[in-house]
Structure formats: C-alpha cells, structure tokens
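final-v2.cif (mmCIF, C-alpha atoms)
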```cif
data_input
#
loop_
_atom_site.label_atom_id
_atom_site.label_comp_id
_atom_site.auth_asym_id
_atom_site.auth_seq_id
_atom_site.Cartn_x
_atom_site.Cartn_y
_atom_site.Cartn_z
CA MET B 23 16.04 21.03 -4.07
CA ASN B 24 15.11 18.91 -7.07
CA ALA B 25 16.71 19.64 -10.39
CA PRO B 26 14.23 21.38 -12.71
CA HIS B 27 12.67 19.33 -15.47
CA GLN B 28 14.48 19.70 -18.77
CA THR B 29 13.57 18.61 -22.26
CA ALA B 30 15.95 16.23 -23.96
CA PRO B 31 17.52 17.23 -27.28
CA HIS B 32 15.16 17.11 -30.27
CA GLY B 33 12.20 16.88 -27.88
CA LYS B 34 12.88 13.23 -27.04
CA ARG B 35 13.02 12.75 -23.29
CA ARG B 36 14.06 9.12 -23.50
CA ARG B 37 13.79 5.90 -25.48
CA THR B 38 12.65 2.59 -24.04
CA ALA B 39 14.76 -0.53 -24.06
CA TRP B 40 11.95 -2.33 -25.90
CA ALA B 41 11.66 0.45 -28.45
CA VAL B 42 15.39 0.31 -29.14
CA ALA B 43 15.08 -3.43 -29.65
CA GLY B 44 12.42 -2.76 -32.27
CA LEU B 45 14.60 -0.22 -34.03
CA LEU B 46 17.57 -2.59 -34.06
CA CYS B 47 15.38 -5.37 -35.36
CA ALA B 48 14.53 -3.23 -38.35
CA HIS B 49 18.24 -3.12 -39.16
CA GLY B 50 18.83 -6.83 -38.69
CA ALA B 51 20.54 -6.65 -35.29
CA PHE B 52 17.86 -8.71 -33.55
CA ALA B 53 15.35 -11.36 -34.51
CA ALA B 54 12.00 -10.18 -35.85
CA PRO B 55 9.92 -8.39 -33.17
CA GLN B 56 6.90 -10.03 -31.65
CA ALA B 57 3.47 -9.32 -33.07
CA PRO B 58 1.41 -6.64 -31.30
CA PRO B 59 -0.14 -7.91 -28.08
CA GLU B 60 -3.54 -9.56 -28.22
CA GLU B 61 -6.51 -8.73 -26.02
CA LEU B 62 -7.10 -11.12 -23.11
CA SER B 63 -9.95 -13.61 -23.36
CA ALA B 64 -10.99 -16.11 -20.72
CA ALA B 65 -11.33 -19.84 -21.45
CA PRO B 66 -14.39 -21.86 -20.30
CA SER B 67 -14.06 -23.58 -16.91
CA ALA B 68 -15.91 -26.22 -14.91
CA THR B 69 -18.27 -25.26 -12.10
CA THR B 70 -16.60 -24.66 -8.74
CA GLN B 71 -18.33 -25.14 -5.39
CA VAL B 72 -18.28 -21.93 -3.38
CA GLY B 73 -18.15 -21.91 0.39
CA PRO B 74 -17.93 -19.13 2.98
CA ASN B 75 -14.70 -17.16 2.96
CA ALA B 76 -13.11 -16.07 6.21
CA THR B 77 -11.31 -13.30 4.34
CA CYS B 78 -11.41 -12.25 0.71
CA THR B 79 -10.55 -9.58 -1.81
CA TYR B 80 -13.40 -8.12 -3.85
CA VAL B 81 -14.22 -5.39 -6.34
CA ASP B 82 -17.44 -3.44 -6.70
CA TRP B 83 -19.47 -4.96 -9.54
CA SER B 84 -19.90 -2.75 -12.62
CA ARG B 85 -22.29 -3.45 -15.47
CA GLY B 86 -20.67 -4.60 -18.72
CA ILE B 87 -17.30 -5.59 -17.26
CA ASN B 88 -15.89 -8.99 -18.26
CA TYR B 89 -14.47 -10.35 -15.01
CA THR B 90 -11.98 -13.24 -14.83
CA LEU B 91 -12.66 -16.63 -13.25
CA GLY B 92 -12.59 -16.58 -9.45
CA THR B 93 -13.28 -12.85 -9.10
CA ILE B 94 -15.39 -11.88 -6.10
CA VAL B 95 -17.61 -8.83 -6.56
CA LYS B 96 -19.76 -6.80 -4.22
CA TYR B 97 -23.18 -6.10 -5.77
CA LEU B 98 -23.92 -2.63 -4.45
CA PRO B 99 -27.73 -2.65 -4.96
CA ASN B 100 -28.12 -5.40 -2.35
CA GLY B 101 -24.72 -5.34 -0.61
CA GLN B 102 -24.13 -9.05 -1.27
CA TYR B 103 -21.00 -10.80 -2.58
CA TYR B 104 -20.79 -13.13 -5.57
CA LYS B 105 -17.98 -15.28 -6.97
CA LEU B 106 -17.51 -15.94 -10.69
CA VAL B 107 -17.47 -19.75 -10.98
CA ASN B 108 -18.00 -20.18 -14.74
CA VAL B 109 -16.80 -18.11 -17.68
CA GLY B 110 -17.70 -17.73 -21.33
CA SER B 111 -15.62 -16.54 -24.25
CA ASN B 112 -15.23 -13.12 -22.60
CA GLY B 113 -14.93 -13.96 -18.93
CA SER B 114 -18.20 -13.15 -17.19
CA ASP B 115 -19.65 -11.86 -20.49
CA GLY B 116 -20.92 -8.73 -18.76
CA THR B 117 -23.49 -10.70 -16.78
CA ASP B 118 -25.45 -9.62 -13.68
CA PRO B 119 -24.65 -11.77 -10.59
CA THR B 120 -28.28 -11.70 -9.41
CA ILE B 121 -29.60 -12.95 -12.76
CA SER B 122 -26.91 -15.14 -14.34
CA THR B 123 -26.59 -17.90 -11.76
CA TRP B 124 -24.57 -20.16 -14.09
CA TYR B 125 -21.76 -17.60 -14.01
CA TRP B 126 -22.10 -16.42 -10.43
CA GLN B 127 -22.74 -17.98 -7.02
CA PRO B 128 -23.31 -16.17 -3.74
CA THR B 129 -20.37 -16.13 -1.33
CA SER B 130 -19.44 -14.37 1.89
CA CYS B 131 -16.78 -11.73 2.33
CA ASP B 132 -17.29 -10.60 5.89
CA ASN B 133 -13.69 -9.91 6.88
CA THR B 134 -12.08 -8.31 3.87
CA THR B 135 -8.34 -7.79 3.60
CA PRO B 136 -6.26 -5.34 1.57
CA PRO B 137 -5.98 -6.62 -2.02
CA GLY B 138 -2.19 -6.96 -2.16
CA GLY B 139 0.97 -6.98 -0.10
CA GLY B 140 1.58 -3.85 1.95
CA GLY B 141 -1.84 -2.52 0.96
CA PHE B 142 -1.02 -2.48 -2.79
CA ILE B 143 -4.20 -2.99 -4.76
CA VAL B 144 -2.54 -5.53 -7.08
CA THR B 145 -1.97 -8.96 -5.54
CA GLN B 146 1.19 -10.94 -6.17
CA ALA B 147 -0.86 -13.50 -8.12
CA GLN B 148 -2.17 -10.74 -10.40
CA PHE B 149 1.33 -9.31 -10.77
CA ASN B 150 2.60 -12.74 -11.78
CA GLN B 151 -0.25 -13.07 -14.28
CA MET B 152 0.67 -9.73 -15.84
CA PHE B 153 4.39 -10.52 -16.07
CA PRO B 154 4.78 -14.31 -16.48
CA ASN B 155 8.26 -14.05 -18.02
CA ARG B 156 9.71 -11.20 -15.98
CA ASN B 157 13.35 -10.91 -15.00
CA PRO B 158 13.83 -12.09 -11.37
CA PHE B 159 15.28 -8.63 -10.63
CA TYR B 160 11.82 -7.06 -10.85
CA THR B 161 10.33 -8.40 -7.63
CA TYR B 162 6.83 -7.81 -6.32
CA ALA B 163 8.35 -7.20 -2.88
CA GLY B 164 10.55 -4.46 -4.34
CA LEU B 165 7.51 -2.74 -5.82
CA VAL B 166 5.55 -2.96 -2.57
CA ALA B 167 8.53 -1.53 -0.67
CA ALA B 168 8.86 1.33 -3.16
CA ILE B 169 5.19 2.28 -2.83
CA LYS B 170 5.87 3.29 0.78
CA SER B 171 7.74 6.30 -0.65
CA TYR B 172 4.63 7.34 -2.61
CA PRO B 173 1.59 6.22 -0.56
CA ASN B 174 -0.88 8.12 -2.77
CA PHE B 175 -0.03 5.90 -5.72
CA ALA B 176 -3.06 3.73 -6.61
CA HIS B 177 -4.72 4.98 -3.43
CA GLU B 178 -6.84 7.96 -4.49
CA GLY B 179 -10.23 8.46 -6.11
CA GLY B 180 -11.88 5.24 -4.97
CA ASP B 181 -11.37 1.57 -5.76
CA THR B 182 -12.00 1.72 -9.53
CA ILE B 183 -9.68 4.67 -10.17
CA ALA B 184 -7.00 3.15 -7.95
CA ARG B 185 -7.11 -0.08 -9.94
CA GLN B 186 -7.07 1.82 -13.22
CA GLU B 187 -4.01 3.76 -12.10
CA ALA B 188 -2.20 0.57 -11.08
CA ALA B 189 -3.07 -1.00 -14.45
CA ALA B 190 -1.89 2.13 -16.29
CA PHE B 191 1.43 2.27 -14.46
CA LEU B 192 2.16 -1.40 -15.02
CA ALA B 193 1.08 -1.21 -18.67
CA ASN B 194 3.60 1.56 -19.31
CA VAL B 195 6.26 -0.37 -17.43
CA ASN B 196 5.44 -3.40 -19.57
CA GLN B 197 6.13 -1.41 -22.74
CA GLU B 198 9.29 0.17 -21.34
CA THR B 199 10.90 -3.15 -20.41
CA GLY B 200 9.43 -5.74 -22.76
CA GLY B 201 7.36 -7.34 -20.01
CA LEU B 202 9.76 -6.57 -17.13
CA VAL B 203 12.52 -8.42 -18.96
CA HIS B 204 15.05 -5.67 -19.72
CA ILE B 205 16.84 -3.81 -16.92
CA ARG B 206 19.20 -1.69 -19.02
CA GLU B 207 18.65 0.03 -22.35
CA LEU B 208 19.56 -2.43 -25.09
CA ASN B 209 21.35 -0.06 -27.47
CA GLN B 210 24.77 0.20 -25.82
CA ALA B 211 25.96 2.54 -28.57
CA ASN B 212 23.58 5.10 -27.06
CA TRP B 213 24.78 4.77 -23.48
CA ASN B 214 27.01 7.88 -23.52
CA HIS B 215 24.34 10.01 -25.18
CA TYR B 216 22.23 11.03 -22.18
CA CYS B 217 24.26 13.95 -20.81
CA ALA B 218 23.26 17.62 -20.80
CA PRO B 219 25.19 19.83 -21.16
CA ALA B 220 27.23 17.44 -23.27
CA GLY B 221 30.64 16.51 -21.89
CA THR B 222 29.82 17.27 -18.25
CA CYS B 223 29.16 13.72 -17.03
CA GLY B 224 32.70 12.36 -16.78
CA ASN B 225 32.72 8.58 -16.92
CA LYS B 226 29.15 8.20 -15.65
CA GLN B 227 26.44 6.94 -18.00
CA TYR B 228 22.78 7.86 -17.68
CA TYR B 229 21.13 5.53 -20.18
CA GLY B 230 17.74 3.95 -19.54
CA ARG B 231 17.55 1.75 -16.45
CA GLY B 232 14.76 0.18 -14.45
CA PRO B 233 10.99 -0.14 -14.90
CA ILE B 234 10.53 3.32 -16.43
CA GLN B 235 13.94 3.27 -18.17
CA LEU B 236 15.09 6.40 -16.32
CA SER B 237 17.38 8.41 -18.63
CA TRP B 238 19.49 11.62 -18.65
CA ASN B 239 21.75 12.96 -15.93
CA TYR B 240 19.27 15.61 -14.78
CA ASN B 241 16.56 12.99 -14.22
CA TYR B 242 18.96 10.84 -12.18
CA ALA B 243 19.87 13.92 -10.12
CA ALA B 244 16.25 14.93 -9.52
CA ALA B 245 15.11 11.41 -8.67
CA GLY B 246 18.05 10.99 -6.30
CA ASN B 247 17.28 14.26 -4.55
CA ALA B 248 13.65 13.26 -4.08
CA LEU B 249 14.53 9.81 -2.76
CA GLY B 250 17.52 10.81 -0.63
CA LEU B 251 19.95 8.89 -2.85
CA ASP B 252 23.05 9.96 -4.76
CA LEU B 253 21.95 8.60 -8.11
CA LEU B 254 24.01 11.17 -10.00
CA ASN B 255 27.20 9.52 -8.77
CA ASN B 256 25.73 6.03 -8.47
CA PRO B 257 23.34 5.65 -11.42
CA ASP B 258 23.71 1.87 -11.51
CA LEU B 259 21.76 1.58 -8.26
CA VAL B 260 18.70 1.76 -10.52
CA ALA B 261 19.83 -1.47 -12.22
CA THR B 262 21.04 -3.36 -9.15
CA ASN B 263 18.55 -2.59 -6.35
CA ALA B 264 14.96 -3.63 -7.07
CA ALA B 265 13.33 -1.29 -4.54
CA ILE B 266 15.33 1.71 -5.81
CA ALA B 267 14.49 0.79 -9.40
CA TRP B 268 10.77 0.77 -8.58
CA GLN B 269 11.16 3.99 -6.57
CA THR B 270 12.55 5.84 -9.58
CA ALA B 271 9.65 4.63 -11.70
CA LEU B 272 7.15 5.83 -9.12
CA TRP B 273 9.04 9.13 -8.74
CA TYR B 274 8.58 9.83 -12.43
CA TRP B 275 4.96 8.64 -12.42
CA MET B 276 3.96 10.74 -9.42
CA THR B 277 5.96 13.94 -10.01
CA GLN B 278 7.10 14.40 -13.61
CA ARG B 279 5.17 15.61 -16.66
CA GLY B 280 7.58 15.20 -19.57
CA GLY B 281 5.85 16.89 -22.51
CA ALA B 282 2.37 16.66 -20.97
CA SER B 283 0.37 19.07 -18.82
CA ASN B 284 -0.12 16.55 -16.01
CA THR B 285 1.90 13.89 -14.27
CA PRO B 286 0.80 10.34 -15.10
CA HIS B 287 -0.71 10.11 -11.61
CA GLN B 288 -2.77 13.25 -12.19
CA ALA B 289 -3.80 12.03 -15.62
CA MET B 290 -5.34 8.88 -14.17
CA VAL B 291 -6.83 10.29 -10.96
CA ASN B 292 -8.12 13.65 -12.21
CA LEU B 293 -8.60 13.11 -15.95
CA ARG B 294 -8.97 9.32 -16.20
CA ALA B 295 -6.98 9.62 -19.42
CA PHE B 296 -4.50 6.83 -20.07
CA GLY B 297 -3.33 8.56 -23.25
CA GLU B 298 -1.94 11.42 -21.19
CA THR B 299 0.31 9.02 -19.29
CA ILE B 300 1.89 8.07 -22.62
CA ARG B 301 2.42 11.74 -23.43
CA ALA B 302 4.19 12.28 -20.10
CA ILE B 303 6.43 9.23 -20.47
CA ASN B 304 7.35 9.04 -24.15
CA GLY B 305 5.13 11.51 -25.97
CA GLY B 306 7.93 12.94 -28.09
CA ILE B 307 8.34 9.58 -29.82
CA GLU B 308 4.87 8.02 -29.67
CA CYS B 309 2.21 10.76 -29.69
CA ASN B 310 1.03 11.93 -33.12
CA ALA B 311 3.60 9.55 -34.57
CA SER B 312 3.67 6.99 -37.35
CA GLY B 313 5.42 3.68 -37.84
CA LEU B 314 7.11 2.17 -34.80
CA GLY B 315 6.25 5.06 -32.47
CA HIS B 316 2.54 4.77 -33.30
CA GLN B 317 2.62 1.00 -32.77
CA GLN B 318 4.28 1.43 -29.37
CA MET B 319 1.46 3.77 -28.34
CA LEU B 320 -1.14 1.21 -29.45
CA ASN B 321 0.72 -1.53 -27.57
CA ARG B 322 0.52 0.48 -24.35
CA GLY B 323 -3.24 0.76 -24.76
CA THR B 324 -3.59 -2.98 -25.29
CA TYR B 325 -1.49 -3.75 -22.21
CA TYR B 326 -3.60 -1.31 -20.20
CA ARG B 327 -6.88 -2.90 -21.29
CA ASN B 328 -5.52 -6.36 -20.48
CA PHE B 329 -4.27 -5.34 -17.04
CA ALA B 330 -7.50 -3.47 -16.25
CA ALA B 331 -9.38 -6.69 -17.07
CA ILE B 332 -7.17 -8.65 -14.69
CA LEU B 333 -7.97 -6.10 -11.97
CA GLY B 334 -11.69 -6.20 -12.78
CA VAL B 335 -12.22 -2.59 -13.87
CA PRO B 336 -13.17 -0.88 -17.15
CA PRO B 337 -10.33 0.90 -18.99
CA GLY B 338 -12.37 4.02 -19.72
CA ASN B 339 -11.80 6.25 -22.73
CA ASN B 340 -8.91 8.44 -23.93
CA LEU B 341 -6.46 5.59 -24.47
CA THR B 342 -4.30 7.27 -27.15
CA CYS B 343 -2.35 10.49 -27.53
#
```

Would you write out, as structure tokens, the structure that this file holds?
Amino acid sequence: MNAPHQTAPHGKRRRTAWAVAGLLCAHGAFAAPQAPPEELSAAPSATTQVGPNATCTYVDWSRGINYTLGTIVKYLPNGQYYKLVNVGSNGSDGTDPTISTWYWQPTSCDNTTPPGGGGFIVTQAQFNQMFPNRNPFYTYAGLVAAIKSYPNFAHEGGDTIARQEAAAFLANVNQETGGLVHIRELNQANWNHYCAPAGTCGNKQYYGRGPIQLSWNYNYAAAGNALGLDLLNNPDLVATNAAIAWQTALWYWMTQRGGASNTPHQAMVNLRAFGETIRAINGGIECNASGLGHQQMLNRGTYYRNFAAILGVPPGNNLTC
C-alpha cells in the first residue's frame, strides 16, 4: 500500500535544484542567474523540394498555430498532407496550407508511424531540441522505458491534448533541473532536511533527485511502493538509474496532487490547465508568490509555450497559478 500523501513543513513540498541555485546566487554563492527564457522564433529558410514520404509523422493542422520548419500537417477539411518548406519570423505565421503555397507544399503520408520511440509522442530529435545541453544521464531511452510503467501518459484525449501534456511535463522538468542538467539538489546544506518525522531517517538522505527532484522520505517510500522498488532504503537509485529517475517523475505526475485538487496528468487531460500542474508540483513556493517564486512560475509557462510550439500544438489558456 502506498504511503499517504503528506504536506512538507511550512507547506513547502519540495524545492527544485534550479530554484536553490537561484537562491544561492542571490547570496553570492553562484554566478548571476541566467535571464528568463525567451519565446522561440523560427528563422527564415530556403525552399526545400518535397517528395513522397514512405512513412512520416504528422499533426492535425490548427488555425493560428506557428509551426516549425519541416512540420507535416494533415489538413482535416480535405484529408491531405502538407509540409512546411519555408518559414517567416514566426514559423508558419499561422498560414493555411491550401492558400499559402510559399510556406506549404503538398506531400504524402500514407504509412504513418508513431511519433517517437516506443510510441512516445515526442521524437528523439524534438527531445534533443528541447534539451540541447542536457546531462548525459537524462537519456531519451530512459524516458521511453519509464513510460511503459504509465502508458496513459501523453496518450489520452486525442493528439493535441497528448502533445500538450508531453510539453507540460517536460516544461516542468526543465524548470526543476535547469534544462535536464542537475541530477541532485544543489544546496547540500539542505540534504538532511527532508525527513518526517524528524530524526527517523537514520543515515539516509531524501533530498531532491531526478527529473522532478523527488524529495522527502514519504515520497521516496510511496514512489518505491508504486514502482516495486525499495527507494526508501536505496534513494540514490533515483540519481544513478535513468529509467528509475524518469519513473519517479512520471509517478508524481500521474498520481500525486501536492497542494492542488488534481494530479498534473488530470490537470492537462481534463482541465487543460498548465497552471494547475505548477500548483501540484511546487505551488507552495511559486503560486501566488512574489520575487523568485513568481519568476519560476513564469519561466515554466515560457518553457511550456516553447515546447508546445516544437510539438506543433497551441498552449491553451490557464498558464499561471
């Protein structure tokens, strides 16, 4: 039986490695933090000749979306496929494939294949684009393997919602780890803090590890129970095994609510509310906050919009908490 969800002292479930870096920067322990992330914009490109494709990955075309160069869309009114071969200052500039022939050229997509490895809707190329400087520990293969434990992740509600959920998950992971760079929480002075009741953890430490920066002994116990792993006695598995690290992140995403009313998965599939995923993951620090906490919330929204653009879907509304 899983350990019941508990609220961390002072209402703070956890603190991200990236957030701790920002706090330490303010006290001179690190170099100045990077500026807030910028929105993606596509650069102009030369015309590309388009030929028939034996297999391809496509998305359903939606009006007003700025697609990236090379995207193949299915135009539902006529059932035909089009490839984006030229871009403007904002990708496809919201153009209609049947009208804007400079941007789009007809193509074939008769034998479609699943978008990514193992059926994951994000391809490895898109994953690499999202995380160009990631730590080698955070492998795409590890993520695909972990998804087998939670097959409903990014697989419910239709193609658009599935892509939005994948973008939302990876955007939150991006904030938690500084772009999939950090594996362990940076503030080592805090490593013995995450034990409740205090003094019951022996020599084990339950500081933030992995893509979601899993913290607190009761979360390690509950995640381990769900995954069939003894994470309470072996917490460092989350920092040394890529598939397990991704599994713990998906465990939290799919099953835990934190201070929210819905799990992050439910927030995206049922509510289409990215802001509620923030509330479930780090709401005690970032929701209705000021200063660094408020900026972290805004950063998550920017990452989500950027990743949604890479996956060719609109971000929707409700991006803050």

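Proximity to Val144 of chain B was assessed for B:Gly334, B:Pro233, B:Gly313, B:Gly224 counting only C-alpha atoms; the smallest distance is recorded for B:Gly334.
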
List the residues matched by the PyMOL selection byres ((chain B and resi 180) around 12) in the displayed structure as a ChimeraX atom specification, ordered by chain and then by residue number.
/B:81-82,143,174-179,181-187,290-292,335

Let's have the selection written as an mmCIF file, keeping the file's coordinate frame, with C-alpha atoms.
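After the write, selection-v6.cif holds the following:
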```cif
data_model
loop_
_atom_site.group_PDB
_atom_site.id
_atom_site.type_symbol
_atom_site.label_atom_id
_atom_site.label_comp_id
_atom_site.auth_asym_id
_atom_site.auth_seq_id
_atom_site.Cartn_x
_atom_site.Cartn_y
_atom_site.Cartn_z
ATOM 1 C CA VAL B 81 -14.220 -5.390 -6.340
ATOM 2 C CA ASP B 82 -17.440 -3.440 -6.700
ATOM 3 C CA ILE B 143 -4.200 -2.990 -4.760
ATOM 4 C CA ASN B 174 -0.880 8.120 -2.770
ATOM 5 C CA PHE B 175 -0.030 5.900 -5.720
ATOM 6 C CA ALA B 176 -3.060 3.730 -6.610
ATOM 7 C CA HIS B 177 -4.720 4.980 -3.430
ATOM 8 C CA GLU B 178 -6.840 7.960 -4.490
ATOM 9 C CA GLY B 179 -10.230 8.460 -6.110
ATOM 10 C CA ASP B 181 -11.370 1.570 -5.760
ATOM 11 C CA THR B 182 -12.000 1.720 -9.530
ATOM 12 C CA ILE B 183 -9.680 4.670 -10.170
ATOM 13 C CA ALA B 184 -7.000 3.150 -7.950
ATOM 14 C CA ARG B 185 -7.110 -0.080 -9.940
ATOM 15 C CA GLN B 186 -7.070 1.820 -13.220
ATOM 16 C CA GLU B 187 -4.010 3.760 -12.100
ATOM 17 C CA MET B 290 -5.340 8.880 -14.170
ATOM 18 C CA VAL B 291 -6.830 10.290 -10.960
ATOM 19 C CA ASN B 292 -8.120 13.650 -12.210
ATOM 20 C CA VAL B 335 -12.220 -2.590 -13.870
#
```

Which residue of B:Tyr240, B:Ala189, B:Tyr229, B:Thr222 approaches Leu208 of chain B most closely, using only C-alpha atoms
B:Tyr229

Could you tell me which residues the PyMOL selection byres ((chain B and resi 257) around 12) returns for this structure, as a PyMOL selection string?
chain B and resi 206+223+225-232+235-246+251-256+258-263+266-267+270

Which one is closest to Arg85 of chain B: B:Gly116, B:Gly221, B:Gly200, B:Gly141? Count only C-alpha atoms.
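The closest residue to Arg85 of chain B is B:Gly116.
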
Can you measure atom CA of Arg322 of chain B to atom CA of Trp268 of chain B for me? One decimal in Å is fine.
18.8 Å

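The shortest atom-to-atom distance to Val195 of chain B, with only C-alpha atoms taken into account, belongs to B:Arg156 out of B:Lys105, B:Arg156, B:His215, B:Arg279.
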
Do you know which residues the PyMOL selection byres ((chain B and resi 87-89) around 9) returns on this file, as a list in words?
Ala64, Trp83, Ser84, Arg85, Gly86, Thr90, Leu91, Gly92, Thr93, Leu106, Val109, Asn112, Gly113, Ser114, Asp115, Gly116, Thr117, Ala331, Ile332, Leu333, Gly334, Val335 and Pro336 of chain B

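Proximity of B:Leu249, B:Ile234, B:Cys131, B:Ala190 to Phe329 of chain B, computed with all atoms listed in the file, is greatest for B:Ala190.
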
Which neighbours of Pro119 of chain B fall inside 9 Å, counting all atoms listed in the file, when residues of the same chain fewer than 2 positions from it are skipped, and could you give them as a ChimeraX atom specification?
/B:83,95,97,103-106,117,121-123,125-128

One decimal, in Å: what's the spacing between atom CA of Tyr162 of chain B and atom CA of Ala248 of chain B?
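Atom-to-atom, atom CA of Tyr162 of chain B and atom CA of Ala248 of chain B are spaced 22.3 Å apart.
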
Between atom CA of His204 of chain B and atom CA of Ala295 of chain B, what is the distance in Å, rounded to a tenth?
26.8 Å

Name the closest residue to Tyr274 of chain B among the candidates B:Asn157, B:Asn212, B:Asn194, B:Ser130; distances are taken between atoms, counting only C-alpha atoms.
B:Asn194
